[in-house]
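Here is the file entry_5.cif (mmCIF, C-alpha atoms).
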data_model
#
loop_
_atom_site.label_atom_id
_atom_site.label_comp_id
_atom_site.auth_asym_id
_atom_site.auth_seq_id
_atom_site.Cartn_x
_atom_site.Cartn_y
_atom_site.Cartn_z
CA MET A 1 -27.14 -2.45 0.98
CA PHE A 2 -27.27 -1.37 -2.66
CA ARG A 3 -29.62 1.57 -2.24
CA TRP A 4 -27.96 4.98 -2.36
CA LYS A 5 -29.87 8.19 -1.69
CA LEU A 6 -29.43 10.82 -4.41
CA HIS A 7 -27.38 13.72 -3.07
CA GLY A 8 -29.01 17.10 -3.76
CA ASN A 9 -29.65 17.59 -7.45
CA GLY A 10 -27.33 14.68 -8.29
CA ARG A 11 -24.93 16.90 -10.22
CA THR A 12 -23.11 19.17 -7.77
CA VAL A 13 -21.81 19.14 -4.20
CA GLU A 14 -22.61 22.27 -2.23
CA PRO A 15 -19.69 24.16 -0.57
CA GLY A 16 -18.88 22.55 2.78
CA ALA A 17 -20.97 19.47 2.03
CA VAL A 18 -19.84 15.93 1.23
CA VAL A 19 -21.51 13.01 -0.54
CA GLY A 20 -21.69 10.37 2.18
CA PRO A 21 -21.09 6.62 1.76
CA GLY A 22 -24.84 5.96 1.54
CA GLU A 23 -25.42 8.70 -1.04
CA ARG A 24 -24.52 9.12 -4.71
CA LEU A 25 -24.54 11.65 -7.51
CA ASN A 26 -26.26 10.82 -10.81
CA TRP A 27 -24.94 7.70 -12.52
CA GLY A 28 -22.96 9.63 -15.10
CA ALA A 29 -21.03 11.52 -12.43
CA THR A 30 -20.67 8.33 -10.39
CA VAL A 31 -19.09 6.50 -13.34
CA ALA A 32 -16.77 9.44 -14.07
CA ILE A 33 -15.53 9.62 -10.48
CA GLY A 34 -15.17 5.83 -10.45
CA LEU A 35 -12.83 6.12 -13.45
CA GLN A 36 -10.79 8.69 -11.54
CA HIS A 37 -10.36 6.14 -8.76
CA VAL A 38 -9.20 3.52 -11.27
CA ILE A 39 -6.59 5.92 -12.66
CA ALA A 40 -5.51 6.92 -9.16
CA MET A 41 -4.95 3.35 -7.98
CA PHE A 42 -3.42 2.22 -11.28
CA GLY A 43 -0.39 4.45 -10.93
CA ALA A 44 0.81 2.49 -7.91
CA THR A 45 -0.97 -0.87 -8.05
CA PHE A 46 0.79 -2.08 -11.20
CA LEU A 47 4.23 -1.21 -9.82
CA VAL A 48 4.18 -3.84 -7.07
CA PRO A 49 3.82 -6.87 -9.41
CA VAL A 50 6.25 -5.31 -11.90
CA LEU A 51 8.86 -4.92 -9.15
CA THR A 52 8.27 -8.33 -7.56
CA GLY A 53 7.82 -10.39 -10.72
CA PHE A 54 4.18 -11.24 -10.01
CA PRO A 55 1.67 -11.23 -12.92
CA VAL A 56 0.26 -7.71 -13.37
CA SER A 57 -3.15 -8.89 -14.60
CA THR A 58 -3.55 -11.26 -11.65
CA THR A 59 -2.76 -8.53 -9.15
CA LEU A 60 -5.19 -6.19 -10.92
CA LEU A 61 -7.92 -8.86 -10.83
CA PHE A 62 -7.63 -9.41 -7.08
CA SER A 63 -7.35 -5.70 -6.49
CA GLY A 64 -10.81 -5.32 -8.02
CA VAL A 65 -12.20 -8.44 -6.35
CA GLY A 66 -10.70 -7.35 -3.02
CA THR A 67 -12.37 -3.94 -3.31
CA LEU A 68 -15.78 -5.54 -3.85
CA LEU A 69 -15.20 -7.90 -0.91
CA PHE A 70 -14.20 -4.93 1.25
CA LEU A 71 -17.48 -3.18 0.42
CA LEU A 72 -19.49 -6.31 1.20
CA ILE A 73 -17.75 -7.09 4.50
CA THR A 74 -18.02 -3.49 5.71
CA LYS A 75 -21.76 -3.57 4.77
CA ASN A 76 -21.27 -0.91 2.09
CA ARG A 77 -20.61 1.72 4.78
CA LEU A 78 -16.91 2.39 4.24
CA PRO A 79 -15.59 3.72 0.91
CA SER A 80 -12.20 2.30 0.00
CA TYR A 81 -10.17 0.92 -2.88
CA LEU A 82 -7.82 -1.99 -2.13
CA GLY A 83 -4.65 -1.70 -4.21
CA SER A 84 -1.27 -3.42 -4.02
CA SER A 85 0.56 -2.71 -0.77
CA PHE A 86 4.15 -1.49 -1.09
CA ALA A 87 4.87 -3.01 2.31
CA PHE A 88 4.99 -6.43 0.60
CA ILE A 89 7.74 -5.51 -1.88
CA ALA A 90 10.73 -6.12 0.39
CA PRO A 91 9.62 -9.48 1.90
CA ILE A 92 8.33 -10.78 -1.47
CA THR A 93 11.62 -9.86 -3.17
CA ALA A 94 13.69 -11.53 -0.46
CA ALA A 95 11.44 -14.59 -0.16
CA THR A 96 11.38 -15.18 -3.92
CA THR A 97 15.17 -15.06 -4.04
CA MET A 98 15.57 -17.39 -1.07
CA ALA A 99 12.77 -19.91 -1.58
CA GLY A 100 10.81 -19.17 -4.77
CA THR A 101 7.52 -17.56 -5.75
CA GLY A 102 5.38 -20.23 -4.05
CA SER A 103 6.97 -19.48 -0.67
CA ALA A 104 6.52 -15.74 -1.22
CA LEU A 105 2.82 -16.29 -1.90
CA ALA A 106 2.59 -18.36 1.29
CA GLY A 107 3.92 -15.32 3.13
CA VAL A 108 1.24 -13.12 1.58
CA VAL A 109 -1.44 -15.59 2.67
CA ALA A 110 -0.01 -15.69 6.20
CA VAL A 111 -0.21 -11.90 6.43
CA GLY A 112 -3.83 -11.96 5.25
CA VAL A 113 -4.88 -14.59 7.78
CA LEU A 114 -3.15 -12.77 10.66
CA LEU A 115 -4.60 -9.40 9.62
CA ALA A 116 -8.11 -10.88 9.54
CA ALA A 117 -7.50 -12.34 13.02
CA VAL A 118 -6.45 -8.90 14.26
CA GLY A 119 -9.64 -7.51 12.71
CA PHE A 120 -11.83 -9.97 14.61
CA LEU A 121 -10.03 -9.05 17.83
CA VAL A 122 -10.49 -5.34 17.18
CA GLN A 123 -14.15 -5.88 16.34
CA PHE A 124 -14.81 -7.44 19.75
CA VAL A 125 -12.20 -5.81 22.01
CA GLY A 126 -11.43 -2.43 20.46
CA LEU A 127 -8.27 -0.68 19.29
CA GLY A 128 -6.71 0.19 22.63
CA TRP A 129 -4.37 -2.80 22.66
CA VAL A 130 -3.06 -1.89 19.18
CA ASP A 131 -2.14 1.60 20.40
CA ARG A 132 -0.32 0.13 23.39
CA VAL A 133 1.61 -2.50 21.43
CA MET A 134 2.41 -0.23 18.50
CA PRO A 135 2.67 3.40 19.66
CA PRO A 136 3.74 6.08 17.14
CA VAL A 137 7.50 5.75 17.67
CA VAL A 138 7.31 1.99 16.97
CA ALA A 139 4.77 2.25 14.15
CA GLY A 140 6.79 4.99 12.46
CA ALA A 141 10.02 3.02 12.75
CA ILE A 142 8.50 -0.14 11.24
CA VAL A 143 6.87 1.69 8.31
CA ALA A 144 10.07 3.66 7.64
CA LEU A 145 12.43 0.68 7.80
CA ILE A 146 10.37 -1.23 5.20
CA GLY A 147 10.90 1.60 2.73
CA PHE A 148 14.55 2.28 3.48
CA ASN A 149 15.39 -1.43 3.35
CA LEU A 150 14.60 -1.29 -0.38
CA ALA A 151 17.15 1.43 -1.21
CA PRO A 152 19.70 -1.01 -2.74
CA VAL A 153 16.99 -2.45 -5.01
CA ALA A 154 16.24 1.01 -6.40
CA TRP A 155 19.94 1.67 -7.04
CA SER A 156 20.46 -1.66 -8.82
CA SER A 157 17.74 -0.75 -11.34
CA PHE A 158 18.80 2.90 -11.60
CA GLN A 159 22.36 2.15 -12.64
CA VAL A 160 21.28 -0.17 -15.49
CA GLN A 161 19.89 2.78 -17.49
CA PRO A 162 20.96 6.01 -15.74
CA LEU A 163 19.57 8.49 -18.29
CA PRO A 164 15.96 7.16 -18.43
CA ALA A 165 16.11 6.72 -14.65
CA THR A 166 17.14 10.33 -14.11
CA ILE A 167 14.46 11.64 -16.49
CA THR A 168 11.81 9.56 -14.71
CA LEU A 169 12.86 10.73 -11.25
CA ILE A 170 12.90 14.39 -12.29
CA ALA A 171 9.46 14.00 -13.91
CA VAL A 172 7.96 12.45 -10.76
CA ILE A 173 9.24 15.31 -8.61
CA LEU A 174 8.17 18.02 -11.08
CA PHE A 175 4.65 16.67 -11.46
CA SER A 176 4.24 16.52 -7.67
CA VAL A 177 5.09 20.23 -7.28
CA LEU A 178 3.61 21.59 -10.52
CA PHE A 179 0.09 20.26 -9.92
CA ARG A 180 -2.20 20.18 -6.95
CA GLY A 181 -5.06 17.81 -6.13
CA PHE A 182 -5.61 14.77 -8.31
CA LEU A 183 -2.81 15.33 -10.86
CA GLY A 184 -0.31 15.88 -8.07
CA ARG A 185 -1.39 12.64 -6.44
CA ILE A 186 -0.70 10.57 -9.57
CA SER A 187 2.76 12.10 -10.08
CA ILE A 188 4.36 8.63 -9.92
CA PHE A 189 2.08 7.36 -12.70
CA LEU A 190 2.77 10.45 -14.83
CA GLY A 191 6.51 10.11 -14.17
CA VAL A 192 6.44 6.52 -15.44
CA ILE A 193 4.71 7.66 -18.63
CA VAL A 194 7.32 10.40 -19.21
CA GLY A 195 10.18 7.98 -18.49
CA TYR A 196 8.69 5.34 -20.79
CA VAL A 197 8.25 7.80 -23.67
CA ALA A 198 11.78 9.15 -23.10
CA THR A 199 13.18 5.60 -23.24
CA VAL A 200 11.37 4.94 -26.54
CA LEU A 201 12.81 8.17 -27.99
CA ILE A 202 16.31 7.25 -26.80
CA GLN A 203 15.91 3.82 -28.39
CA LEU A 204 14.84 5.39 -31.70
CA ALA A 205 17.71 7.88 -31.60
CA THR A 206 20.50 5.46 -30.65
CA GLY A 207 19.24 2.14 -32.03
CA GLU A 208 19.95 0.52 -28.65
CA GLN A 209 17.40 -2.14 -27.64
CA LEU A 210 15.92 -0.76 -24.41
CA ILE A 211 12.31 -2.00 -24.75
CA ASP A 212 11.14 -5.21 -26.41
CA PHE A 213 7.54 -5.07 -27.71
CA ALA A 214 7.45 -8.66 -29.00
CA ALA A 215 5.51 -9.92 -25.97
CA VAL A 216 2.91 -7.16 -26.38
CA GLU A 217 2.30 -8.08 -30.02
CA ALA A 218 1.96 -11.76 -29.15
CA ALA A 219 -0.42 -11.26 -26.19
CA PRO A 220 -4.16 -11.69 -26.90
CA TRP A 221 -6.60 -8.89 -26.18
CA VAL A 222 -8.85 -11.09 -24.04
CA GLY A 223 -7.89 -13.94 -21.71
CA LEU A 224 -7.70 -15.09 -18.12
CA PRO A 225 -4.84 -13.87 -15.91
CA GLU A 226 -2.00 -16.21 -14.97
CA PHE A 227 -2.68 -17.95 -11.67
CA ARG A 228 0.06 -19.12 -9.30
CA PHE A 229 -0.32 -20.91 -5.99
CA PRO A 230 1.39 -20.72 -2.57
CA ASP A 231 3.78 -23.45 -1.48
CA PHE A 232 3.45 -24.40 2.18
CA ALA A 233 5.24 -27.74 1.76
CA SER A 234 8.80 -26.56 1.13
CA ALA A 235 11.08 -26.28 4.13
CA GLY A 236 12.22 -22.86 2.95
CA THR A 237 8.69 -21.47 3.18
CA TRP A 238 8.59 -21.38 6.95
CA SER A 239 11.95 -19.66 7.13
CA VAL A 240 10.70 -16.75 4.99
CA ILE A 241 7.20 -16.33 6.44
CA ALA A 242 8.72 -14.54 9.45
CA MET A 243 9.85 -11.76 7.09
CA PHE A 244 6.23 -10.99 6.25
CA LEU A 245 4.89 -10.61 9.80
CA PRO A 246 5.95 -6.94 10.29
CA VAL A 247 3.82 -6.12 7.25
CA VAL A 248 0.74 -6.83 9.42
CA LEU A 249 1.63 -3.85 11.61
CA VAL A 250 1.87 -1.61 8.54
CA LEU A 251 -1.50 -2.79 7.19
CA VAL A 252 -3.13 -2.22 10.59
CA ALA A 253 -1.78 1.34 10.68
CA GLU A 254 -2.90 2.03 7.10
CA ASN A 255 -6.41 0.64 7.59
CA VAL A 256 -6.92 2.39 10.92
CA GLY A 257 -5.68 5.64 9.41
CA HIS A 258 -8.02 5.21 6.45
CA VAL A 259 -11.08 4.62 8.63
CA ARG A 260 -10.28 7.60 10.83
CA GLY A 261 -9.75 9.80 7.80
CA VAL A 262 -13.14 8.83 6.34
CA ALA A 263 -14.82 9.26 9.75
CA ALA A 264 -13.35 12.75 10.12
CA MET A 265 -14.73 13.79 6.74
CA THR A 266 -18.14 12.06 6.85
CA ASP A 267 -19.51 10.57 10.08
CA ALA A 268 -17.76 9.55 13.29
CA THR A 269 -19.77 6.31 13.32
CA ALA A 270 -17.48 5.08 10.52
CA ASN A 271 -14.94 4.30 13.24
CA ARG A 272 -17.16 1.39 14.26
CA SER A 273 -16.18 -0.31 11.00
CA THR A 274 -12.48 -0.48 11.90
CA GLY A 275 -12.58 -4.17 12.79
CA ARG A 276 -14.54 -5.01 9.66
CA ALA A 277 -12.06 -3.03 7.54
CA LEU A 278 -9.16 -5.08 8.92
CA ILE A 279 -11.07 -8.34 8.38
CA ALA A 280 -11.92 -7.31 4.81
CA ASP A 281 -8.34 -6.40 3.92
CA GLY A 282 -7.17 -9.65 5.51
CA VAL A 283 -9.63 -11.71 3.46
CA ALA A 284 -8.70 -9.85 0.26
CA THR A 285 -4.97 -10.34 0.89
CA THR A 286 -5.47 -14.03 1.65
CA LEU A 287 -7.46 -14.53 -1.54
CA ALA A 288 -4.90 -12.64 -3.64
CA GLY A 289 -1.98 -14.61 -2.24
CA SER A 290 -3.81 -17.89 -2.80
CA PHE A 291 -3.90 -17.36 -6.57
CA GLY A 292 -0.76 -15.34 -7.37
CA GLY A 293 -1.70 -11.73 -6.61
CA SER A 294 0.00 -9.17 -4.39
CA GLY A 295 -1.27 -8.31 -0.91
CA THR A 296 -3.72 -5.42 -0.67
CA THR A 297 -4.27 -2.33 1.43
CA THR A 298 -6.50 0.75 1.53
CA TYR A 299 -5.09 3.35 -0.84
CA GLY A 300 -3.96 6.86 0.06
CA GLU A 301 -4.25 7.86 -3.62
CA ASN A 302 -7.97 7.17 -3.51
CA ILE A 303 -8.32 9.01 -0.21
CA GLY A 304 -6.88 11.96 -2.11
CA VAL A 305 -9.53 11.63 -4.84
CA MET A 306 -12.26 11.60 -2.19
CA ALA A 307 -10.76 14.65 -0.48
CA ALA A 308 -10.57 16.49 -3.81
CA THR A 309 -14.08 15.60 -5.00
CA ARG A 310 -15.78 15.43 -1.56
CA VAL A 311 -17.56 12.33 -2.85
CA TYR A 312 -17.36 9.42 -0.37
CA SER A 313 -20.08 7.35 -2.02
CA THR A 314 -19.45 3.61 -2.04
CA ALA A 315 -21.24 3.44 -5.40
CA VAL A 316 -18.16 4.83 -7.19
CA TYR A 317 -16.02 2.07 -5.66
CA TRP A 318 -18.30 -0.65 -6.97
CA PHE A 319 -17.73 0.75 -10.44
CA ALA A 320 -13.97 1.12 -9.87
CA GLY A 321 -13.65 -2.47 -8.66
CA LEU A 322 -15.61 -3.87 -11.60
CA THR A 323 -13.52 -1.79 -14.03
CA ALA A 324 -10.30 -3.20 -12.56
CA ILE A 325 -11.62 -6.75 -13.00
CA LEU A 326 -12.46 -6.05 -16.66
CA LEU A 327 -8.98 -4.59 -17.30
CA SER A 328 -7.39 -7.69 -15.75
CA LEU A 329 -9.02 -9.85 -18.42
CA SER A 330 -6.77 -8.38 -21.13
CA PRO A 331 -3.33 -10.08 -21.22
CA LYS A 332 -2.17 -7.34 -23.61
CA VAL A 333 -2.60 -4.75 -20.83
CA GLY A 334 -0.38 -6.83 -18.55
CA ALA A 335 2.19 -7.30 -21.32
CA VAL A 336 2.44 -3.53 -21.83
CA PHE A 337 3.28 -2.97 -18.17
CA ASN A 338 5.85 -5.76 -18.27
CA THR A 339 7.77 -3.80 -20.93
CA ILE A 340 8.58 -0.98 -18.50
CA PRO A 341 12.39 -0.76 -18.68
CA PRO A 342 14.63 -1.06 -15.60
CA GLY A 343 15.77 2.56 -15.87
CA VAL A 344 12.20 3.83 -15.50
CA LEU A 345 11.64 1.48 -12.56
CA GLY A 346 14.91 2.65 -11.00
CA GLY A 347 13.88 6.28 -11.24
CA VAL A 348 10.39 5.81 -9.88
CA THR A 349 11.43 3.46 -7.06
CA THR A 350 14.12 5.89 -5.91
CA ALA A 351 11.26 8.24 -5.10
CA LEU A 352 8.73 5.58 -4.12
CA TYR A 353 10.80 3.64 -1.61
CA GLY A 354 11.94 6.89 -0.05
CA LEU A 355 8.33 7.99 0.28
CA ILE A 356 7.47 4.80 2.17
CA GLY A 357 10.21 5.72 4.61
CA ILE A 358 8.92 9.29 4.86
CA ILE A 359 5.43 8.04 5.73
CA GLY A 360 6.98 6.42 8.79
CA ILE A 361 8.69 9.67 9.72
CA LYS A 362 5.37 11.48 9.17
CA ILE A 363 3.84 9.26 11.85
CA TRP A 364 6.54 10.53 14.24
CA VAL A 365 5.94 14.15 13.28
CA ASP A 366 2.12 13.98 13.38
CA ASN A 367 2.19 12.41 16.84
CA ARG A 368 4.99 14.67 18.13
CA VAL A 369 7.26 11.83 19.20
CA ASP A 370 9.72 13.16 21.77
CA PHE A 371 13.21 12.23 20.53
CA SER A 372 14.88 13.79 23.54
CA ARG A 373 13.95 10.54 25.30
CA PRO A 374 16.70 7.90 24.97
CA VAL A 375 14.21 5.04 24.57
CA ASN A 376 12.59 6.76 21.59
CA GLN A 377 16.00 7.63 20.14
CA TYR A 378 17.24 4.06 20.18
CA THR A 379 13.89 2.61 19.04
CA GLY A 380 14.19 4.54 15.80
CA ALA A 381 17.96 4.58 15.42
CA VAL A 382 18.72 0.89 15.83
CA SER A 383 15.79 -0.38 13.77
CA LEU A 384 16.53 1.94 10.83
CA VAL A 385 20.23 1.10 10.70
CA MET A 386 19.40 -2.61 10.74
CA ALA A 387 17.04 -2.13 7.79
CA ILE A 388 19.30 0.10 5.70
CA ALA A 389 22.38 -2.06 6.26
CA GLY A 390 20.47 -5.28 5.58
CA PHE A 391 21.16 -7.08 8.88
CA SER A 392 20.33 -10.79 8.90
CA MET A 393 20.67 -13.81 11.19
CA GLN A 394 20.90 -17.46 10.14
CA PHE A 395 19.78 -20.41 12.28
CA GLY A 396 20.43 -23.47 10.14
CA GLN A 397 17.98 -23.13 7.24
CA PHE A 398 15.95 -20.50 9.08
CA GLN A 399 16.92 -16.90 8.28
CA LEU A 400 15.71 -13.67 9.79
CA GLY A 401 16.01 -10.68 7.46
CA ALA A 402 16.49 -6.99 8.15
CA ILE A 403 12.76 -6.17 8.26
CA VAL A 404 12.09 -8.79 10.93
CA LEU A 405 15.14 -7.88 12.99
CA GLY A 406 14.46 -4.16 12.73
CA SER A 407 10.80 -4.59 13.72
CA VAL A 408 11.65 -6.84 16.67
CA ALA A 409 14.34 -4.38 17.75
CA ALA A 410 11.85 -1.49 17.69
CA LEU A 411 9.29 -3.40 19.79
CA VAL A 412 11.79 -4.79 22.30
CA ILE A 413 13.78 -1.58 22.77
CA TYR A 414 10.64 0.49 23.26
CA HIS A 415 8.72 -1.76 25.65
CA LEU A 416 11.65 -3.23 27.60
CA GLY A 417 13.49 0.10 27.66
CA ASN A 418 10.46 1.92 29.02
CA ALA A 419 9.85 -0.78 31.65
CA ILE A 420 13.45 -0.49 32.92
CA ALA A 421 13.45 3.32 32.77
CA ARG A 422 10.22 3.57 34.75
CA ALA A 423 11.37 1.02 37.31
CA ARG A 424 14.66 2.86 37.77
CA LYS A 425 12.99 6.31 37.50
CA THR A 426 15.75 7.52 35.19
CA GLY A 427 13.44 9.74 33.13
CA ALA A 428 14.43 7.89 29.97
CA ASP A 429 10.95 6.63 29.14
CA ASP A 430 8.41 8.31 26.84
CA GLY A 431 6.92 10.14 29.79
CA GLY A 432 3.31 10.34 28.67
CA PRO A 433 0.19 8.69 27.27
CA ILE A 434 0.45 6.92 23.93
CA PRO A 435 -1.54 8.67 21.15
CA ALA A 436 -3.16 6.65 18.39
CA VAL A 437 -1.57 6.23 14.97
CA GLY A 438 -2.93 8.97 12.70
CA PRO A 439 -4.15 8.84 9.09
CA LEU A 440 -1.56 8.04 6.44
CA GLY A 441 -3.37 9.61 3.49
CA GLY A 442 -5.18 12.74 2.39
CA ASP A 443 -4.14 16.28 1.62
CA PRO A 444 -2.39 18.28 4.36
CA ALA A 445 -4.59 20.67 6.26
#
Serialized structure, structure tokens:
Amino acid sequence: MFRWKLHGNGRTVEPGAVVGPGERLNWGATVAIGLQHVIAMFGATFLVPVLTGFPVSTTLLFSGVGTLLFLLITKNRLPSYLGSSFAFIAPITAATTMAGTGSALAGVVAVGVLLAAVGFLVQFVGLGWVDRVMPPVVAGAIVALIGFNLAPVAWSSFQVQPLPATITLIAVILFSVLFRGFLGRISIFLGVIVGYVATVLIQLATGEQLIDFAAVEAAPWVGLPEFRFPDFASAGTWSVIAMFLPVVLVLVAENVGHVRGVAAMTDATANRSTGRALIADGVATTLAGSFGGSGTTTYGENIGVMAATRVYSTAVYWFAGLTAILLSLSPKVGAVFNTIPPGVLGGVTTALYGLIGIIGIKIWVDNRVDFSRPVNQYTGAVSLVMAIAGFSMQFGQFQLGAIVLGSVAALVIYHLGNAIARARKTGADDGGPIPAVGPLGGDPA
């Protein structure tokens, strides 16, 4: 498992060639590319715990551990970094408010267990049933509504410090269009740095206390992360777990897209690892949630690094995962990220949450969803309005939030609507075979 064949001369990749998962460059190049993967994942991974109130160091630890588990479970055949999934932000935020951090962690664990179960099913049955249950119009709607549901959260942070927020947002957009390849892919990370520096300068110029560095000075350089544990005993836990279930659909789409993207660039046999990839992400998410970390997913940012370097060696991911674990053992690193001011978070999340929504719309575009069909129209329309408006339903102590209601609406409208339309022969159904959900990462062709 840990034997990699040296690719060519070990220093360069010939035009049109790629370094496969079972190959590697020399160890110096491998370490350097591994560091690129750490930087690529860092720009987004730290944002999830910062936005949800989870410990940054703990999330970073289980991001690294999850990556190593992913490599082991997929038999070292599938290159991937597991970073914090943005799909968890909305349910974690709502669950923490309603029932506390322990209940939110229980929701993360529930997602991990269910995702692993889906992986076992895919491993033995195949992916056809996923495509039938979650065709592109439904998958796109569910991914999009998770992002758009967070719009009020972005605005609440933005209006606290409008000037730093505006500077951050402009920086994110500028970096994404000024640079191509790797630098363009970490535009969110670079935007946070610009916004942070701008906030410090504003604080120095005005004397207004915008950032407090006391916690950074007090934090030790070396120490264990803060561990928290899920709470399955509270009555409120079971009322919020339902909010997490749609996240499973997002993680399935992201993992399937990742595997197909790697298979397209390296070897079609990588598709055989789809079930194992889902199991691995499920195990990693379960482990993270069990000790206070955020749920994980395969990272589009790291797909971008692979596309740019044409190096798909799993050796670089072993180094990246170990590096993340080492970084997590410095409480001072976590304290620095906890000083990010609300204005900077407001600016970056305005772009970030919108991008989650756009990924859903990209699924529609890539699969050429026909929105002249009424069933497709209402599948997208109703679910998105429910999410943006924040629909909810209360049954005693049990509450269903907008993400659950929007996801259920998308599934019911699509499948029941098509069944009725076909039975009545009204021509309102989708009218054709259901294509598979496409990759969610990588540079455009």
Expected selection from the PyMOL selection byres ((chain A and resi 224) around 10), given as a PyMOL selection string
chain A and resi 57-58+61+222-223+225-227+328-331
Thr379 (chain A) surroundings by all atoms listed in the file, 7 Å radius, close-in-sequence under 5 positions cut, as a ChimeraX atom specification:
/A:138,410,413-414
Run through the PyMOL selection byres ((chain A and resi 309) around 12) on the given coordinates and return the selected residues as number ranges by chain.
A: 12-20, 25, 29-30, 32-34, 36-37, 181-182, 265, 302-308, 310-313, 316, 442-443
Return the single residue from A:Ile356, A:Ala288, A:Leu210, A:Val408 that is closest to Ile89 (chain A), with distances computed using all atoms listed in the file.
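Selected residue with least distance to Ile89 (chain A): A:Ile356.
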Separation of CA of Ser80 (chain A) from CA of Pro135 (chain A), in Å and rounded to one decimal
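Taking CA of Ser80 (chain A) and CA of Pro135 (chain A), their separation equals 24.7 Å.
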Check which residues satisfy the PyMOL selection byres ((chain A and resi 298) around 6) in the file shown, then give them as an MDAnalysis selection string.
chainID A and resid 81:82 297 299
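In this comparison, which uses only C-alpha atoms, the residue of A:Gln123, A:Gln159, A:Asn26, A:Ser63 approaching Ala320 (chain A) most closely is A:Ser63.
From CA of Ala324 (chain A) back to CA of Pro246 (chain A), the distance works out to 28.3 Å.
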